[in-house]
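Student: File name upload.csv; file contents CSV, C-alpha atoms and all ligand atoms; full text below.
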```csv
chain,number,residue,atom,x,y,z
A,549,MET,CA,-42.0,-14.4,13.8
A,550,VAL,CA,-43.3,-16.5,16.6
A,551,LYS,CA,-42.6,-16.0,20.3
A,552,LYS,CA,-43.7,-18.3,23.1
A,553,GLU,CA,-44.2,-17.5,26.8
A,554,ALA,CA,-46.0,-18.8,29.8
A,555,PHE,CA,-49.5,-17.4,30.5
A,556,GLY,CA,-50.3,-19.1,33.9
A,557,ASN,CA,-52.1,-22.3,34.8
A,558,THR,CA,-55.6,-23.6,34.7
A,559,THR,CA,-57.4,-24.4,38.0
A,560,ASP,CA,-56.4,-28.1,37.6
A,561,GLY,CA,-52.8,-27.1,37.1
A,562,LYS,CA,-52.3,-27.3,33.4
A,563,ALA,CA,-49.7,-24.9,32.0
A,564,VAL,CA,-51.1,-22.4,29.4
A,565,GLU,CA,-48.8,-20.9,26.8
A,566,LEU,CA,-49.1,-17.6,25.0
A,567,TYR,CA,-47.9,-17.4,21.4
A,568,THR,CA,-47.2,-14.0,19.6
A,569,LEU,CA,-47.2,-14.0,15.8
A,570,THR,CA,-45.9,-10.9,14.1
A,571,ASN,CA,-45.4,-9.9,10.5
A,572,SER,CA,-43.2,-7.4,8.7
A,573,HIS,CA,-45.9,-4.7,8.8
A,574,GLY,CA,-46.0,-4.6,12.6
A,575,MET,CA,-49.2,-6.6,12.8
A,576,GLU,CA,-49.4,-8.8,15.8
A,577,VAL,CA,-51.7,-11.6,16.9
A,578,ARG,CA,-51.5,-13.3,20.3
A,579,ILE,CA,-53.0,-16.7,20.9
A,580,MET,CA,-53.1,-18.8,24.1
A,581,THR,CA,-53.4,-22.6,24.3
A,582,TYR,CA,-56.4,-22.4,26.6
A,583,GLY,CA,-59.4,-22.5,24.3
A,584,GLY,CA,-57.1,-21.6,21.4
A,585,VAL,CA,-58.2,-18.1,22.3
A,586,ILE,CA,-57.0,-15.1,20.2
A,587,VAL,CA,-56.1,-12.8,23.0
A,588,SER,CA,-55.2,-9.7,20.9
A,589,VAL,CA,-55.0,-8.5,17.3
A,590,LYS,CA,-53.0,-5.4,16.7
A,591,THR,CA,-53.4,-3.7,13.3
A,592,PRO,CA,-52.6,-0.3,12.0
A,593,ASP,CA,-55.4,2.3,11.3
A,594,LYS,CA,-55.3,4.7,8.3
A,595,ALA,CA,-52.6,6.8,10.0
A,596,GLY,CA,-50.5,3.7,10.8
A,597,ARG,CA,-51.4,3.8,14.5
A,598,LEU,CA,-51.6,0.3,16.0
A,599,ALA,CA,-54.6,-0.7,18.2
A,600,ASP,CA,-55.8,-3.9,19.7
A,601,ILE,CA,-59.1,-4.6,17.9
A,602,VAL,CA,-60.5,-7.6,19.8
A,603,LEU,CA,-62.2,-7.8,23.1
A,604,GLY,CA,-60.7,-9.9,25.9
A,605,TYR,CA,-58.9,-9.9,29.3
A,606,ASP,CA,-55.4,-8.9,30.4
A,607,THR,CA,-54.7,-12.2,32.2
A,608,LEU,CA,-55.7,-15.9,32.1
A,609,THR,CA,-57.9,-15.9,35.3
A,610,PRO,CA,-61.0,-14.2,33.9
A,611,TYR,CA,-60.9,-16.4,30.8
A,612,LEU,CA,-61.1,-19.5,33.1
A,613,SER,CA,-64.4,-18.5,34.8
A,614,LYS,CA,-66.5,-16.0,32.8
A,615,ASN,CA,-65.4,-15.8,29.2
A,616,PRO,CA,-68.4,-15.0,26.8
A,617,TYR,CA,-66.3,-16.9,24.2
A,618,PHE,CA,-63.9,-14.0,23.6
A,619,GLY,CA,-61.5,-15.1,20.9
A,620,ALA,CA,-62.2,-18.8,21.5
A,621,ILE,CA,-62.3,-21.9,19.2
A,622,VAL,CA,-65.9,-23.2,19.5
A,623,GLY,CA,-66.8,-26.8,19.1
A,624,ARG,CA,-67.5,-29.7,18.9
A,625,TYR,CA,-70.7,-28.1,17.6
A,626,ALA,CA,-70.6,-24.3,17.5
A,627,ASN,CA,-74.0,-22.4,17.9
A,628,ARG,CA,-77.2,-24.1,19.0
A,629,ILE,CA,-78.7,-27.5,18.9
A,630,GLY,CA,-82.4,-27.3,19.6
A,631,GLY,CA,-83.8,-29.1,22.7
A,632,ALA,CA,-80.2,-30.1,23.5
A,633,ARG,CA,-80.7,-33.4,21.6
A,634,PHE,CA,-80.3,-34.8,18.1
A,635,THR,CA,-80.9,-38.1,16.4
A,636,LEU,CA,-78.1,-39.6,14.3
A,637,ASP,CA,-78.5,-42.9,12.4
A,638,GLY,CA,-81.6,-43.7,14.4
A,639,LYS,CA,-80.0,-43.1,17.8
A,640,VAL,CA,-80.9,-40.2,20.1
A,641,TYR,CA,-78.1,-38.2,21.7
A,642,LYS,CA,-78.7,-36.0,24.7
A,643,LEU,CA,-76.6,-32.9,25.4
A,644,ALA,CA,-76.4,-30.5,28.3
A,645,ALA,CA,-79.0,-27.7,28.0
A,646,ASN,CA,-76.7,-24.7,28.7
A,647,ASP,CA,-78.7,-22.0,26.9
A,648,GLY,CA,-82.4,-22.2,28.0
A,649,PRO,CA,-83.7,-25.5,26.5
A,650,ASN,CA,-80.9,-25.7,23.9
A,651,ALA,CA,-77.2,-26.8,23.7
A,652,LEU,CA,-74.9,-23.9,22.9
A,653,HIS,CA,-71.3,-23.9,21.7
A,654,GLY,CA,-70.2,-27.5,22.4
A,655,GLY,CA,-71.6,-27.8,25.9
A,656,LEU,CA,-70.5,-27.2,29.5
A,657,LYS,CA,-66.9,-27.8,28.7
A,658,GLY,CA,-66.5,-27.2,25.0
A,659,PHE,CA,-63.4,-26.7,22.9
A,660,ASP,CA,-63.2,-23.1,24.3
A,661,LYS,CA,-62.4,-24.5,27.8
A,662,VAL,CA,-59.7,-27.0,27.1
A,663,VAL,CA,-55.9,-26.7,26.8
A,664,TRP,CA,-54.7,-27.4,23.3
A,665,GLN,CA,-51.3,-28.9,22.4
A,666,ALA,CA,-49.4,-26.3,20.4
A,667,GLU,CA,-46.4,-26.2,18.0
A,668,SER,CA,-45.2,-23.2,16.1
A,669,PHE,CA,-44.0,-22.9,12.5
A,670,GLN,CA,-42.6,-20.4,10.0
A,671,LYS,CA,-43.5,-21.2,6.4
A,672,GLY,CA,-42.5,-18.6,3.7
A,673,ASP,CA,-43.9,-15.3,5.0
A,674,ALA,CA,-46.4,-17.0,7.3
A,675,ALA,CA,-45.8,-17.3,11.1
A,676,GLY,CA,-48.2,-19.7,12.8
A,677,ILE,CA,-49.2,-22.3,15.3
A,678,ILE,CA,-50.8,-25.7,15.0
A,679,LEU,CA,-53.2,-26.5,17.8
A,680,LYS,CA,-54.3,-30.1,18.5
A,681,TYR,CA,-57.0,-31.5,20.7
A,682,THR,CA,-58.5,-35.0,21.1
A,683,SER,CA,-62.1,-35.0,22.1
A,684,ALA,CA,-63.0,-38.3,23.8
A,685,ASP,CA,-65.9,-40.5,22.7
A,686,GLY,CA,-69.0,-39.3,24.7
A,687,GLU,CA,-67.4,-36.0,25.7
A,688,GLU,CA,-70.3,-33.5,26.3
A,689,GLY,CA,-72.6,-36.3,25.0
A,690,TYR,CA,-71.2,-36.4,21.5
A,691,PRO,CA,-70.3,-39.8,19.8
A,692,GLY,CA,-66.9,-40.6,18.6
A,693,THR,CA,-63.3,-39.8,19.4
A,694,VAL,CA,-62.5,-36.7,17.4
A,695,HIS,CA,-59.0,-35.5,16.6
A,696,VAL,CA,-59.1,-31.8,15.9
A,697,THR,CA,-56.3,-29.6,14.4
A,698,VAL,CA,-56.6,-25.8,14.1
A,699,THR,CA,-53.9,-23.9,12.4
A,700,TYR,CA,-53.6,-20.2,12.8
A,701,ALA,CA,-51.2,-18.3,10.5
A,702,LEU,CA,-50.4,-14.6,10.0
A,703,ASN,CA,-48.7,-13.6,6.7
A,704,ASP,CA,-47.1,-10.4,5.3
A,705,LYS,CA,-50.3,-9.5,3.3
A,706,ASP,CA,-52.0,-8.8,6.7
A,707,GLU,CA,-54.1,-12.0,6.4
A,708,PHE,CA,-54.8,-14.2,9.3
A,709,HIS,CA,-55.7,-17.8,8.2
A,710,ILE,CA,-57.7,-20.2,10.3
A,711,ASP,CA,-57.7,-23.8,9.1
A,712,TYR,CA,-59.8,-26.5,10.8
A,713,GLN,CA,-59.4,-30.2,10.4
A,714,ALA,CA,-61.1,-33.1,12.1
A,715,THR,CA,-61.4,-36.9,11.9
A,716,THR,CA,-63.6,-39.2,13.9
A,717,ASP,CA,-64.1,-42.9,14.6
A,718,LYS,CA,-67.9,-42.7,14.9
A,719,ALA,CA,-70.4,-40.5,13.0
A,720,THR,CA,-70.7,-37.2,14.8
A,721,PRO,CA,-71.9,-33.6,14.3
A,722,ILE,CA,-69.0,-31.1,13.8
A,723,ASN,CA,-69.2,-27.3,13.5
A,724,LEU,CA,-66.1,-25.4,14.3
A,725,THR,CA,-65.7,-21.6,14.4
A,726,ASN,CA,-63.8,-18.8,16.2
A,727,HIS,CA,-65.7,-16.4,18.4
A,728,THR,CA,-63.6,-13.3,18.2
A,729,TYR,CA,-65.4,-10.1,19.2
A,730,PHE,CA,-64.1,-7.2,16.9
A,731,ASN,CA,-64.2,-3.5,17.5
A,732,LEU,CA,-62.2,-2.0,14.6
A,733,ASP,CA,-61.7,1.3,16.4
A,734,GLY,CA,-60.0,-0.6,19.2
A,735,GLU,CA,-61.4,-2.7,22.1
A,736,GLY,CA,-62.9,-0.5,24.7
A,737,SER,CA,-63.6,2.4,22.3
A,738,GLY,CA,-67.4,2.2,22.7
A,739,ASP,CA,-70.1,0.7,20.5
A,740,VAL,CA,-69.8,-0.6,16.9
A,741,LEU,CA,-73.0,1.0,15.7
A,742,GLY,CA,-71.1,3.2,13.3
A,743,THR,CA,-69.2,0.3,11.7
A,744,GLU,CA,-70.3,-0.2,8.1
A,745,MET,CA,-71.1,-3.9,7.5
A,746,MET,CA,-71.5,-5.7,4.2
A,747,ILE,CA,-72.6,-9.3,4.4
A,748,ASN,CA,-72.5,-11.3,1.2
A,749,ALA,CA,-75.8,-13.0,1.8
A,750,GLY,CA,-79.2,-12.8,0.2
A,751,HIS,CA,-80.7,-15.2,2.7
A,752,PHE,CA,-80.7,-16.0,6.4
A,753,THR,CA,-82.1,-18.7,8.7
A,754,PRO,CA,-85.0,-17.1,10.7
A,755,VAL,CA,-85.1,-18.1,14.3
A,756,ASP,CA,-87.7,-18.8,17.0
A,757,SER,CA,-87.8,-17.2,20.5
A,758,THR,CA,-84.9,-19.5,21.7
A,759,LEU,CA,-82.8,-18.6,18.6
A,760,ILE,CA,-83.2,-22.0,17.0
A,761,PRO,CA,-83.8,-21.8,13.2
A,762,THR,CA,-87.4,-22.5,12.1
A,763,GLY,CA,-86.0,-24.4,9.1
A,764,LYS,CA,-87.1,-21.8,6.6
A,765,ILE,CA,-84.6,-19.9,4.5
A,766,GLY,CA,-85.7,-16.2,4.6
A,767,SER,CA,-84.8,-13.5,2.1
A,768,VAL,CA,-83.1,-10.5,3.5
A,769,THR,CA,-84.6,-8.2,0.8
A,770,GLY,CA,-86.6,-5.4,2.4
A,771,THR,CA,-85.6,-6.4,5.9
A,772,PRO,CA,-83.1,-4.9,8.4
A,773,LEU,CA,-81.0,-8.0,7.7
A,774,ASP,CA,-80.1,-6.8,4.2
A,775,PHE,CA,-76.4,-6.0,4.4
A,776,THR,CA,-75.7,-6.8,0.7
A,777,LYS,CA,-74.8,-3.1,0.5
A,778,PRO,CA,-72.5,-1.6,3.2
A,779,THR,CA,-74.8,-0.3,6.0
A,780,ALA,CA,-74.0,1.0,9.5
A,781,ILE,CA,-74.6,-1.7,12.0
A,782,GLY,CA,-76.7,0.7,14.1
A,783,ALA,CA,-78.8,2.0,11.2
A,784,ARG,CA,-81.7,-0.4,11.7
A,785,ILE,CA,-80.7,-2.4,14.8
A,786,ASP,CA,-83.6,-1.1,16.8
A,787,ASP,CA,-86.2,-1.4,14.1
A,788,LYS,CA,-89.5,-3.0,15.0
A,789,TYR,CA,-88.8,-6.3,13.2
A,790,GLU,CA,-89.6,-9.6,14.8
A,791,GLN,CA,-86.2,-11.2,14.1
A,792,LEU,CA,-84.3,-8.3,15.7
A,793,ALA,CA,-86.6,-8.5,18.7
A,794,LEU,CA,-85.9,-12.2,19.1
A,795,GLY,CA,-82.2,-11.7,18.8
A,796,HIS,CA,-82.0,-8.6,20.9
A,797,GLY,CA,-80.2,-7.1,17.9
A,798,TYR,CA,-78.4,-9.1,15.3
A,799,ASP,CA,-77.7,-12.7,16.3
A,800,HIS,CA,-78.5,-14.5,13.0
A,801,ASN,CA,-77.0,-17.1,10.6
A,802,PHE,CA,-76.6,-15.7,7.1
A,803,VAL,CA,-76.5,-18.0,4.1
A,804,ILE,CA,-73.4,-16.9,2.2
A,805,ASN,CA,-73.9,-16.3,-1.5
A,806,ARG,CA,-71.7,-18.7,-3.4
A,807,THR,CA,-71.3,-20.0,-6.9
A,808,GLY,CA,-69.6,-23.2,-5.8
A,809,PRO,CA,-67.5,-24.8,-3.1
A,810,GLY,CA,-64.3,-23.2,-1.9
A,811,LEU,CA,-63.5,-19.8,-0.4
A,812,ALA,CA,-66.2,-17.2,-0.8
A,813,LEU,CA,-66.5,-13.6,0.6
A,814,ALA,CA,-68.7,-13.7,3.7
A,815,ALA,CA,-68.5,-10.2,5.0
A,816,ARG,CA,-66.6,-6.9,5.0
A,817,ALA,CA,-66.6,-4.5,7.9
A,818,TYR,CA,-65.3,-0.9,7.6
A,819,ASP,CA,-64.9,1.5,10.5
A,820,PRO,CA,-65.0,5.1,9.2
A,821,LYS,CA,-63.3,6.5,12.4
A,822,SER,CA,-60.1,4.5,12.2
A,823,GLY,CA,-60.4,3.5,8.5
A,824,ARG,CA,-59.8,-0.2,9.4
A,825,VAL,CA,-61.3,-2.8,7.2
A,826,LEU,CA,-61.8,-6.5,8.0
A,827,GLU,CA,-62.8,-8.9,5.2
A,828,VAL,CA,-63.9,-12.4,6.1
A,829,ASP,CA,-63.6,-15.2,3.5
A,830,THR,CA,-64.6,-18.7,4.2
A,831,THR,CA,-65.3,-22.2,2.9
A,832,GLU,CA,-68.3,-22.5,5.3
A,833,PRO,CA,-71.9,-22.1,4.1
A,834,GLY,CA,-72.9,-19.7,6.8
A,835,VAL,CA,-71.8,-16.9,9.1
A,836,GLN,CA,-73.4,-15.9,12.4
A,837,PHE,CA,-73.5,-12.1,12.7
A,838,TYR,CA,-73.7,-11.3,16.4
A,839,THR,CA,-73.6,-7.7,17.8
A,840,GLY,CA,-72.6,-8.5,21.4
A,841,ASN,CA,-76.2,-8.2,22.6
A,842,PHE,CA,-75.4,-10.1,25.8
A,843,LEU,CA,-72.4,-8.1,26.8
A,844,ASN,CA,-73.1,-6.3,30.1
A,845,ALA,CA,-70.5,-4.5,32.2
A,846,VAL,CA,-67.7,-6.9,31.4
A,847,ASN,CA,-64.4,-5.8,32.9
A,848,GLY,CA,-62.1,-6.2,29.9
A,849,LYS,CA,-58.5,-5.3,29.0
A,850,HIS,CA,-56.8,-2.1,30.3
A,851,GLY,CA,-59.7,-1.3,32.7
A,852,HIS,CA,-62.1,-1.1,29.8
A,853,VAL,CA,-65.7,-2.0,30.4
A,854,TYR,CA,-67.6,-3.7,27.6
A,855,ASN,CA,-71.3,-3.3,27.1
A,856,LYS,CA,-74.0,-4.4,24.7
A,857,ARG,CA,-73.0,-3.7,21.1
A,858,ASP,CA,-69.4,-2.8,21.9
A,859,ALA,CA,-68.3,-5.5,19.4
A,860,PHE,CA,-69.4,-7.7,16.6
A,861,CYS,CA,-68.7,-11.3,15.8
A,862,LEU,CA,-68.6,-13.0,12.4
A,863,GLU,CA,-68.7,-16.7,13.2
A,864,THR,CA,-68.2,-18.7,10.0
A,865,GLN,CA,-70.1,-22.0,10.4
A,866,HIS,CA,-72.6,-24.5,9.3
A,867,TYR,CA,-76.2,-23.4,10.1
A,868,PRO,CA,-77.4,-23.7,13.7
A,869,ASP,CA,-79.3,-26.9,14.6
A,870,SER,CA,-78.2,-28.7,11.4
A,871,PRO,CA,-78.2,-32.1,13.2
A,872,ASN,CA,-82.0,-31.7,13.5
A,873,LYS,CA,-82.6,-30.0,10.2
A,874,PRO,CA,-82.0,-32.6,7.3
A,875,GLU,CA,-82.8,-29.8,4.8
A,876,PHE,CA,-79.7,-27.8,5.9
A,877,PRO,CA,-76.2,-28.6,4.6
A,878,SER,CA,-75.0,-31.7,6.6
A,879,ALA,CA,-72.7,-31.1,9.6
A,880,ILE,CA,-72.1,-34.9,10.1
A,881,LEU,CA,-68.6,-36.2,9.9
A,882,ARG,CA,-68.2,-39.9,9.4
A,883,PRO,CA,-65.2,-42.3,9.9
A,884,GLY,CA,-62.8,-42.2,7.0
A,885,GLN,CA,-63.7,-38.6,6.1
A,886,THR,CA,-61.6,-35.6,7.0
A,887,PHE,CA,-63.5,-32.4,7.9
A,888,HIS,CA,-61.7,-29.4,6.5
A,889,SER,CA,-62.6,-25.8,6.6
A,890,THR,CA,-60.8,-22.5,6.1
A,891,THR,CA,-61.6,-18.9,7.2
A,892,ILE,CA,-59.4,-15.9,6.3
A,893,TRP,CA,-59.5,-12.5,8.0
A,894,LYS,CA,-58.0,-9.8,5.7
A,895,PHE,CA,-57.0,-6.6,7.5
A,896,SER,CA,-56.4,-3.3,5.8
A,897,ALA,CA,-57.1,0.5,6.4
A,898,ARG,CA,-58.3,3.2,4.1
B,901,LIG,C1,-73.2,-16.7,19.8
B,901,LIG,C2,-74.6,-16.8,19.9
B,901,LIG,C3,-75.1,-15.7,20.8
B,901,LIG,C4,-74.4,-15.8,22.1
B,901,LIG,C5,-72.9,-15.7,22.0
B,901,LIG,C6,-72.2,-15.9,23.3
B,901,LIG,O1,-72.8,-15.7,19.0
B,901,LIG,O2,-75.3,-16.8,18.7
B,901,LIG,O3,-76.5,-15.8,21.0
B,901,LIG,O4,-74.8,-16.9,22.8
B,901,LIG,O5,-72.5,-16.7,21.1
B,901,LIG,O6,-72.6,-15.0,24.2
```
Mind turning the file's structure into structure tokens?
Tutor:
Amino acid sequence: MVKKEAFGNTTDGKAVELYTLTNSHGMEVRIMTYGGVIVSVKTPDKAGRLADIVLGYDTLTPYLSKNPYFGAIVGRYANRIGGARFTLDGKVYKLAANDGPNALHGGLKGFDKVVWQAESFQKGDAAGIILKYTSADGEEGYPGTVHVTVTYALNDKDEFHIDYQATTDKATPINLTNHTYFNLDGEGSGDVLGTEMMINAGHFTPVDSTLIPTGKIGSVTGTPLDFTKPTAIGARIDDKYEQLALGHGYDHNFVINRTGPGLALAARAYDPKSGRVLEVDTTEPGVQFYTGNFLNAVNGKHGHVYNKRDAFCLETQHYPDSPNKPEFPSAILRPGQTFHSTTIWKFSAR
């Protein structure tokens, strides 16, 4: 089922709508048209008790001014571009440096800070919404008018599908993700250090001190980044290991093990307290595992205060800084092509 209601206005007077998707198991996902933000995700624990397992705010206002990307669609280029510039077809493009010397998450006003056009649908057992946004040529320094469509759908198998599509009229970098912060025991229930994480990746992209990949592909074997077997997030997070020091914890792009194109398992998280499981499948080559290292006394939902490591993100994506790293899978979209990517979150409890 899909329900629609008003959720307030942006500072420049644009109306924001809130959509509620529900399935026959009582799962509920709420999404607003500002930033395409996933405002809440309610799923049952092993005893059937519902809890909201994503960080966020109760009302629109805090999302407008200080959102650390809670739930948001991120683009035109998710993650970092080194030196806030890239060269494409011989031309240099300059971007806003909004993260030290680098460009982060699409710029000063990325896809997380715009109001999307929405339309709801019901198709078989899936309830969903289609969000559309047109990013103008030159917006945030990027070339080409880009038409983006993001489809969110919840089905009766407790799967939440995110489909991204984009076209352009000039070659441009594209990297689209969703920045939901999960705490499987419920938002505001404390840290996620006890959550057991499995990341289906034998390799990662090591970073420099500004979190830009060095260009090397590193093996996770024998490092605290080896999550090929389920391991508590907190088991090694404070180990003396250079990459963890640079990231202030986990803030790394993992290279998903795959045998070919199409959907592949990226990660599976299990919270022993609630029994909730989240599996992430994606068509993307990478996933950024981020442990909320920059959260600091955020006044969240229901009077909850969120701190460092109170959530984790699994941002499916192309590798950071791909526009400056010809050795990485290309993130360039050209006229005539259609960018298409899918990520599925599968919820269960045991
Ligand atoms: C991403 C980045 C982090 C941080 C968050 C937002 O996950 O990798 O370093 O910038 O977004 O706070």
Student: Can you write out as CSV which residues of chain A fall within 8 Å of ligand LIG 901 (chain B), alongside each residue's closest atom pair and its distance in Å to one decimal, counting only C-alpha atoms and all ligand atoms and ordering rows by chain and ascending residue number?
Tutor:
```
residue,atom,partner,partner_atom,distance
A:Pro616,CA,B:LIG901,O6,4.9
A:Tyr617,CA,B:LIG901,C6,6.1
A:Asn627,CA,B:LIG901,O2,5.8
A:Arg628,CA,B:LIG901,O2,7.5
A:Asp647,CA,B:LIG901,O4,7.6
A:Leu652,CA,B:LIG901,O4,7.0
A:His653,CA,B:LIG901,O5,7.3
A:His727,CA,B:LIG901,O1,7.2
A:Leu759,CA,B:LIG901,O3,7.3
A:Gly795,CA,B:LIG901,O3,7.4
A:Asp799,CA,B:LIG901,O2,5.3
A:His800,CA,B:LIG901,O2,6.9
A:Gln836,CA,B:LIG901,O1,6.6
A:Phe837,CA,B:LIG901,O1,7.3
A:Tyr838,CA,B:LIG901,O1,5.2
A:Gly840,CA,B:LIG901,O6,7.1
A:Asn841,CA,B:LIG901,O3,7.8
A:Phe842,CA,B:LIG901,O6,5.9
A:Leu843,CA,B:LIG901,O6,7.4
A:Cys861,CA,B:LIG901,O1,6.8
A:Glu863,CA,B:LIG901,O1,7.2
```
Student: Which residue out of A:Met580, A:Leu656, A:Ala701, A:Ala554 has the minimum interatomic distance to Glu687 (chain A) when all atoms listed in the file are used?
Tutor: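 Selected residue with least distance to Glu687 (chain A): A:Leu656.
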Student: Out of A:Phe752, A:Phe708, A:Tyr582, A:Tyr625, which residue has the shortest atom-to-atom distance to Trp664 (chain A) when counting all atoms listed in the file?
Tutor: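 For Trp664 (chain A), the nearest of the candidates is A:Tyr582.
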Student: Need to verify the contact set: Gly648 (chain A), 12 Å, only C-alpha atoms, exclusion of same-chain residues closer than 2 positions in sequence. Can you return it as a ChimeraX atom specification?
Tutor: /A:628-632,644-646,650-652,757-760
Student: Give the answer as one residue: which of A:Asn801, A:Ser572, A:Asn726, A:Asn703 has the shortest atom-to-atom distance to Ile747 (chain A), using only C-alpha atoms?
Tutor: A:Asn801
Student: Which residues come within 10 Å of Val853 (chain A), counting only C-alpha atoms, excluding same-chain residues fewer than 3 positions away, as a ChimeraX atom specification?
Tutor: /A:603,735-738,843-850,858
Student: Using all atoms listed in the file, list the residues that have an atom at most 10 Å from (-46.2, -5.7, 6.2), coordinates as in the file, as a compact mmCIF listing (two decimals) with C-alpha atoms, in the frame of the given file.
Tutor:
```txt
# COMPACT_ATOMS: atom_id res chain seq x y z
CA THR A 570 -45.90 -10.90 14.10
CA ASN A 571 -45.40 -9.90 10.50
CA SER A 572 -43.20 -7.40 8.70
CA HIS A 573 -45.90 -4.70 8.80
CA GLY A 574 -46.00 -4.60 12.60
CA MET A 575 -49.20 -6.60 12.80
CA ASP A 673 -43.90 -15.30 5.00
CA ASN A 703 -48.70 -13.60 6.70
CA ASP A 704 -47.10 -10.40 5.30
CA LYS A 705 -50.30 -9.50 3.30
CA ASP A 706 -52.00 -8.80 6.70
```
Student: At a cut-off of 8 Å, using all atoms listed in the file, what residues contact Glu688 (chain A)? Leave out same-chain residues fewer than 5 positions from it and give the result as a PyMOL selection string.
Tutor: chain A and resi 643-644+654-658
Student: Just give me the gap between CA of Asp819 (chain A) and CA of Thr839 (chain A) in Å, one decimal is fine.
Tutor: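 Value for the CA of Asp819 (chain A)-CA of Thr839 (chain A) distance: 14.6 Å.
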Student: Give me region 801-818 of chain A with N, CA and C atoms filled in, as a PDB file, keeping the file's coordinate frame.
Tutor:
```
ATOM      1  N   ASN A 801     -77.817 -16.337  11.606  1.00  0.00           N
ATOM      2  CA  ASN A 801     -77.000 -17.100  10.600  1.00  0.00           C
ATOM      3  C   ASN A 801     -77.355 -16.616   9.229  1.00  0.00           C
ATOM      4  N   PHE A 802     -76.384 -16.098   8.516  1.00  0.00           N
ATOM      5  CA  PHE A 802     -76.600 -15.700   7.100  1.00  0.00           C
ATOM      6  C   PHE A 802     -76.086 -16.759   6.183  1.00  0.00           C
ATOM      7  N   VAL A 803     -76.829 -16.952   5.108  1.00  0.00           N
ATOM      8  CA  VAL A 803     -76.500 -18.000   4.100  1.00  0.00           C
ATOM      9  C   VAL A 803     -75.611 -17.275   3.050  1.00  0.00           C
ATOM     10  N   ILE A 804     -74.343 -17.605   3.049  1.00  0.00           N
ATOM     11  CA  ILE A 804     -73.400 -16.900   2.200  1.00  0.00           C
ATOM     12  C   ILE A 804     -73.686 -17.190   0.713  1.00  0.00           C
ATOM     13  N   ASN A 805     -73.736 -16.113  -0.089  1.00  0.00           N
ATOM     14  CA  ASN A 805     -73.900 -16.300  -1.500  1.00  0.00           C
ATOM     15  C   ASN A 805     -72.663 -16.955  -2.089  1.00  0.00           C
ATOM     16  N   ARG A 806     -72.864 -18.045  -2.779  1.00  0.00           N
ATOM     17  CA  ARG A 806     -71.700 -18.700  -3.400  1.00  0.00           C
ATOM     18  C   ARG A 806     -72.070 -19.292  -4.734  1.00  0.00           C
ATOM     19  N   THR A 807     -71.061 -19.410  -5.587  1.00  0.00           N
ATOM     20  CA  THR A 807     -71.300 -20.000  -6.900  1.00  0.00           C
ATOM     21  C   THR A 807     -70.808 -21.424  -6.952  1.00  0.00           C
ATOM     22  N   GLY A 808     -70.107 -21.866  -5.899  1.00  0.00           N
ATOM     23  CA  GLY A 808     -69.600 -23.200  -5.800  1.00  0.00           C
ATOM     24  C   GLY A 808     -68.854 -23.412  -4.542  1.00  0.00           C
ATOM     25  N   PRO A 809     -68.242 -24.582  -4.355  1.00  0.00           N
ATOM     26  CA  PRO A 809     -67.500 -24.800  -3.100  1.00  0.00           C
ATOM     27  C   PRO A 809     -66.182 -23.980  -3.136  1.00  0.00           C
ATOM     28  N   GLY A 810     -65.515 -23.920  -2.023  1.00  0.00           N
ATOM     29  CA  GLY A 810     -64.300 -23.200  -1.900  1.00  0.00           C
ATOM     30  C   GLY A 810     -64.440 -21.893  -1.166  1.00  0.00           C
ATOM     31  N   LEU A 811     -63.419 -21.054  -1.185  1.00  0.00           N
ATOM     32  CA  LEU A 811     -63.500 -19.800  -0.400  1.00  0.00           C
ATOM     33  C   LEU A 811     -64.422 -18.820  -1.092  1.00  0.00           C
ATOM     34  N   ALA A 812     -65.263 -18.196  -0.290  1.00  0.00           N
ATOM     35  CA  ALA A 812     -66.200 -17.200  -0.800  1.00  0.00           C
ATOM     36  C   ALA A 812     -66.133 -15.998   0.203  1.00  0.00           C
ATOM     37  N   LEU A 813     -66.442 -14.811  -0.305  1.00  0.00           N
ATOM     38  CA  LEU A 813     -66.500 -13.600   0.600  1.00  0.00           C
ATOM     39  C   LEU A 813     -67.743 -13.809   1.479  1.00  0.00           C
ATOM     40  N   ALA A 814     -67.535 -13.670   2.792  1.00  0.00           N
ATOM     41  CA  ALA A 814     -68.700 -13.700   3.700  1.00  0.00           C
ATOM     42  C   ALA A 814     -69.098 -12.343   4.136  1.00  0.00           C
ATOM     43  N   ALA A 815     -68.143 -11.502   4.497  1.00  0.00           N
ATOM     44  CA  ALA A 815     -68.500 -10.200   5.000  1.00  0.00           C
ATOM     45  C   ALA A 815     -67.315  -9.237   4.921  1.00  0.00           C
ATOM     46  N   ARG A 816     -67.633  -7.929   4.904  1.00  0.00           N
ATOM     47  CA  ARG A 816     -66.600  -6.900   5.000  1.00  0.00           C
ATOM     48  C   ARG A 816     -67.058  -5.804   5.896  1.00  0.00           C
ATOM     49  N   ALA A 817     -66.256  -5.497   6.901  1.00  0.00           N
ATOM     50  CA  ALA A 817     -66.600  -4.500   7.900  1.00  0.00           C
ATOM     51  C   ALA A 817     -65.633  -3.300   7.710  1.00  0.00           C
ATOM     52  N   TYR A 818     -66.160  -2.074   7.763  1.00  0.00           N
ATOM     53  CA  TYR A 818     -65.300  -0.900   7.600  1.00  0.00           C
ATOM     54  C   TYR A 818     -65.683   0.097   8.734  1.00  0.00           C
TER      55      TYR A 818
END
```
